[in-house]
Amino acid sequence: MWQAVREELHPKGLEIVSVGLDTLGAEGCRPFIEAADPSHPSLIDAHHVLARAFGVINIPSSVWIDENGMIVRPAEAAPAPPTDREGPAMELPDELPQRFAEMFGEAMKIQSNPEAYHAALRDWVEKGAESEFALPPEEVIARSRPRSADMALGHAHFELATALEQAGDHAAAVEHFRQAHALVPDSWTFRRQAWSLEPGGDSPMARFWQGPSDENPEVWPYEGDWLSDVKKEGAENYSEPWRP
Amino acid sequence: MILNDRTFDPARFETETGWTLKPEGACKGDLCIPIADEIRQSGDTVAIAEAMGLPVVTSEAHGLVSIGPESVGNRALTTAVAPDVVLPDLDGKPFHLSSLRGQKIVVFAWAPY
């Protein structure tokens with residue numbers, strides 16, 4: 001999706017590094033990367049290093065780094081370019097299960113400001129440090145995600161859950177994912193990652209099901225699920241509003 | 001960072017936590033946390049992490065230790081200096097974010113779920 005942005009701005013000194021956050025590693029990300037066939041670096045983050053290193057708690061999001069290796073905008077929502085917004089991003093089956101229909105209904109209410117974000121990106125690429133959107137270091141730190149000692153502990157649980165899942169012990173992984181969710185309640189990626197590892201609907205979009213199955217809802221191991229949590233927290237609050 | 005061996009590996013510790021062990025302590029940006037000599041000399045990653053106040057969670061059954069990030073300053077970032085994140089591409093080849101120094105970078109996070 002960002003390929004067109006990259007082609008336009010790479011000659012002006014911008015590189016895009018896309019990072020797929022997935023406990024399943026390359027195998028989870030591969031079909032999407034091969035379909036996009038990006039000319040920029042496209043990396044796999046099986047342990048959500050971006051959460052630890054930059055405070056990424058949702059996707060899609062971005063971090064801007066200048067020529068000298070200084071972060072000039074911390075993790076924030078990064079909407080798709082305005083031109084990419086026509087039509088659904090994936091093929092929907094003819095008969096959409098009720099849950100998916102409701103999820104797409106909620107997803108439509110998620111707010112973003114792609115015009116402002118992408119105008120700011122162009123302004124920064126053109127003007128560099130002179131751009132009003134390149135934030136000074138103290139502002140970058142102040143705007144980065146809050147992290148209490150409990151939240152840091154939640155990160156440790158999350159990474160252990162990922163390692164246990166990779167070691168094939170799903171039940172043990174679930175226990176630590178649950179701890180991570182309790183300790184870092186504002187992280188959508190921690191929740192979505194765990195939910196995506198549960199058996200979902202019987203479709204190519206199984207990983208997007210993200211909640212109890214219609215057949216055996218009682219075996220769902222988490223407190224929340226995508227549809228319930230989005231309804232509870234409000235789809236309009238799903239993504240933080242963009243700040244200049 | 002995930003350990004199945006507690007032996008301290010300074011290079012790996014630096015890459016995966018962003019903290020460098022220096023004579024004055026464990027340092028990141030302008031911040032240094034003093035580490036007592038006996039802990040430093042123990043060569044035990046868990047002891048060093050605990051001395052720094054980093055959270056540690058273990059799985060005895062799998063022999064795994066997970067060391068979480070710092071929470072000093074109560075923010076995800078303690079410095080605006082970008083960490084040198086190293087992640088593999090689809091073929092497993094490691095890529096250093098720092099290899100793009102001299103260009104502006106947008107690190108774009110997405111997920112297939």
# chains A, B, ... in the order shown; residues from 1 in each chain; ligands from 1

$ interface_residues --of "chain A" --to "chain B" --cutoff "6 Å" --atoms "only C-alpha atoms" --output "short mmCIF file (atom, residue, chain, number, x, y, z; two decimals) with C-alpha atoms, in the first residue's frame"
data_model
loop_
_atom_site.label_atom_id
_atom_site.label_comp_id
_atom_site.auth_asym_id
_atom_site.auth_seq_id
_atom_site.Cartn_x
_atom_site.Cartn_y
_atom_site.Cartn_z
CA GLY A 13 15.67 10.92 0.57
CA LEU A 14 12.97 8.86 2.29
CA GLU A 15 13.09 5.13 2.87
CA ILE A 16 10.20 3.08 4.18
CA VAL A 17 10.83 0.02 6.32
CA SER A 18 7.72 -2.06 6.76
CA VAL A 19 7.63 -4.41 9.71
CA GLY A 20 5.11 -7.23 10.09
CA LEU A 21 4.35 -7.99 13.74
CA ALA A 26 7.67 -15.08 8.13
CA CYS A 29 3.48 -12.38 6.78
CA SER A 42 10.17 -5.50 4.58
CA LEU A 43 10.97 -7.13 7.91
CA ILE A 44 9.47 -9.73 10.24
CA GLY A 55 6.02 1.77 22.03
CA ILE A 59 -1.36 -1.14 13.65
CA PRO A 60 -1.00 0.46 11.23
CA SER A 61 1.40 2.82 12.91
CA SER A 62 4.68 4.53 12.16
CA VAL A 63 7.83 6.02 13.66
CA TRP A 64 9.76 8.73 11.81
CA ILE A 65 13.56 8.78 12.08
CA ASP A 66 15.75 11.50 10.58
CA GLU A 67 19.07 11.26 8.69
CA GLY A 69 19.16 8.52 13.57
CA MET A 70 17.00 10.74 15.78
CA ILE A 71 13.33 9.87 16.23
CA PRO A 137 13.65 15.21 21.31
CA ILE A 141 9.89 11.32 24.53
CA SER A 144 5.82 8.25 23.42
CA ARG A 145 3.54 5.70 25.09
CA PRO A 146 3.21 5.68 28.85
CA ARG A 147 5.11 2.74 30.40
CA SER A 148 4.68 1.91 34.06
CA ALA A 149 6.57 -0.90 35.81
CA ALA A 152 7.05 -3.27 31.34
CA LEU A 153 6.24 -6.54 33.12
CA HIS A 155 5.93 -6.77 27.80
CA ALA A 156 8.01 -9.52 29.41
CA LEU A 160 7.50 -15.12 26.81
CA ARG A 207 -7.06 -14.98 11.70
CA PHE A 208 -9.35 -11.96 11.50
#

$ select_by_dssp --residues "range 38-226 of chain A" --states "helix (DSSP H, G or I)" --output "PyMOL selection string"
chain A and resi 49-54+82-85+98-109+114-130+137-143+149-166+170-183+188-196+206-208+217-219+226

$ residues_around --residues "Gly25 in chain B" --least-positions-apart "5" --cutoff "12 Å" --atoms "only C-alpha atoms" --output "list in words"
Trp19, Thr20, Asp30, Leu31, Cys32, Ile33, Pro34, Ile35, Ala36, Asp37, Ile39, Arg40, Ile48, Ala49, Ala51 and Met52 of chain B

$ select_by_dssp --residues "chain B" --states "strand (DSSP E or B)" --output "tab-separated table (two decimals) with N, CA and C atoms, in the first residue's frame"
chain	number	residue	atom	x	y	z
B	2	ILE	N	14.49	-12.98	25.05
B	2	ILE	CA	14.26	-14.33	25.52
B	2	ILE	C	15.61	-15.05	25.66
B	3	LEU	N	15.82	-15.68	26.82
B	3	LEU	CA	17.06	-16.40	27.06
B	3	LEU	C	16.77	-17.86	27.33
B	7	THR	N	23.87	-16.87	30.63
B	7	THR	CA	25.21	-16.29	30.51
B	7	THR	C	25.13	-14.95	29.78
B	20	THR	N	23.77	-0.64	27.07
B	20	THR	CA	25.17	-1.02	26.93
B	20	THR	C	25.82	-1.04	28.31
B	21	LEU	N	26.56	-2.11	28.62
B	21	LEU	CA	27.27	-2.16	29.89
B	21	LEU	C	28.59	-1.41	29.76
B	22	LYS	N	28.72	-0.30	30.52
B	22	LYS	CA	29.93	0.52	30.51
B	22	LYS	C	30.50	0.54	31.92
B	25	GLY	N	28.09	1.89	34.42
B	25	GLY	CA	26.83	1.19	34.63
B	25	GLY	C	26.22	0.75	33.31
B	26	ALA	N	24.92	0.39	33.36
B	26	ALA	CA	24.19	0.05	32.13
B	26	ALA	C	23.64	1.35	31.58
B	27	CYS	N	23.99	1.67	30.32
B	27	CYS	CA	23.67	3.00	29.79
B	27	CYS	C	22.85	2.92	28.51
B	28	LYS	N	21.95	3.90	28.39
B	28	LYS	CA	21.16	4.11	27.17
B	28	LYS	C	21.00	5.60	27.02
B	31	LEU	N	21.41	8.22	29.97
B	31	LEU	CA	21.01	7.59	31.23
B	31	LEU	C	21.91	6.40	31.56
B	32	CYS	N	22.42	6.34	32.80
B	32	CYS	CA	23.21	5.18	33.23
B	32	CYS	C	22.68	4.67	34.56
B	33	ILE	N	22.51	3.36	34.66
B	33	ILE	CA	22.08	2.74	35.92
B	33	ILE	C	23.32	2.01	36.47
B	44	ASP	N	25.72	-13.14	35.02
B	44	ASP	CA	24.36	-13.69	34.99
B	44	ASP	C	23.41	-12.61	34.45
B	56	VAL	N	11.49	-9.53	34.93
B	56	VAL	CA	11.93	-10.86	34.49
B	56	VAL	C	10.79	-11.85	34.72
B	57	VAL	N	10.43	-12.60	33.69
B	57	VAL	CA	9.40	-13.63	33.81
B	57	VAL	C	10.01	-14.93	33.29
B	58	THR	N	9.75	-16.04	33.99
B	58	THR	CA	10.38	-17.29	33.57
B	58	THR	C	9.34	-18.37	33.30
B	59	SER	N	9.70	-19.29	32.44
B	59	SER	CA	8.95	-20.53	32.25
B	59	SER	C	9.89	-21.67	32.63
B	64	LEU	N	12.93	-21.13	29.88
B	64	LEU	CA	13.03	-19.84	29.19
B	64	LEU	C	12.90	-18.69	30.18
B	65	VAL	N	13.67	-17.63	29.92
B	65	VAL	CA	13.59	-16.42	30.71
B	65	VAL	C	13.27	-15.27	29.76
B	66	SER	N	12.30	-14.45	30.15
B	66	SER	CA	11.95	-13.28	29.35
B	66	SER	C	12.28	-12.03	30.14
B	67	ILE	N	13.06	-11.15	29.55
B	67	ILE	CA	13.43	-9.88	30.20
B	67	ILE	C	12.70	-8.75	29.49
B	75	ARG	N	7.87	6.26	30.34
B	75	ARG	CA	7.54	6.41	28.91
B	75	ARG	C	8.25	5.30	28.15
B	81	VAL	N	17.12	9.17	20.55
B	81	VAL	CA	18.07	8.46	19.68
B	81	VAL	C	17.45	7.11	19.30
B	86	VAL	N	17.29	-4.63	14.95
B	86	VAL	CA	17.75	-5.60	13.95
B	86	VAL	C	16.67	-6.65	13.80
B	87	LEU	N	16.10	-6.77	12.59
B	87	LEU	CA	15.04	-7.75	12.35
B	87	LEU	C	15.31	-8.46	11.03
B	88	PRO	N	14.84	-9.71	10.91
B	88	PRO	CA	15.07	-10.45	9.66
B	88	PRO	C	14.07	-10.08	8.58
B	89	ASP	N	14.48	-10.26	7.33
B	89	ASP	CA	13.53	-10.14	6.22
B	89	ASP	C	12.89	-11.52	5.98
B	94	PRO	N	19.26	-10.81	8.47
B	94	PRO	CA	19.08	-9.69	9.40
B	94	PRO	C	19.29	-8.33	8.74
B	95	PHE	N	18.44	-7.39	9.09
B	95	PHE	CA	18.53	-6.03	8.57
B	95	PHE	C	18.69	-5.07	9.74
B	96	HIS	N	19.70	-4.23	9.69
B	96	HIS	CA	19.94	-3.23	10.74
B	96	HIS	C	19.30	-1.91	10.32
B	104	LYS	N	16.02	9.70	5.53
B	104	LYS	CA	14.88	9.73	6.44
B	104	LYS	C	14.21	8.35	6.37
B	105	ILE	N	13.67	7.92	7.49
B	105	ILE	CA	13.03	6.60	7.54
B	105	ILE	C	11.63	6.71	8.13
B	106	VAL	N	10.69	6.05	7.48
B	106	VAL	CA	9.40	5.78	8.13
B	106	VAL	C	9.38	4.29	8.44
B	107	VAL	N	9.38	3.95	9.72
B	107	VAL	CA	9.21	2.57	10.13
B	107	VAL	C	7.69	2.34	10.20
B	108	PHE	N	7.22	1.43	9.36
B	108	PHE	CA	5.77	1.24	9.23
B	108	PHE	C	5.39	-0.13	9.79
B	109	ALA	N	4.61	-0.14	10.88
B	109	ALA	CA	4.21	-1.40	11.51
B	109	ALA	C	2.85	-1.85	10.99
B	110	TRP	N	2.78	-3.14	10.60
B	110	TRP	CA	1.51	-3.72	10.15
B	110	TRP	C	1.43	-5.14	10.70

$ closest_residue --among "A:Ala53, A:Asn68, A:Val5, A:Ala172" --to "Ser39 in chain A" --atoms "only C-alpha atoms"
A:Val5

$ atom_distance --atom1 "CA of Glu14 in chain B" --atom2 "CA of Gly43 in chain B"
14.6 Å

$ closest_residue --among "A:Arg30, A:His48, A:Lys232, A:Arg73" --to "Ala161 in chain A" --atoms "only C-alpha atoms"
A:His48

$ atom_distance --atom1 "CA of Arg178 in chain A" --atom2 "CA of Val219 in chain A"
14.5 Å

$ atom_distance --atom1 "CA of Gly63 in chain B" --atom2 "CA of Leu24 in chain A"
20.8 Å
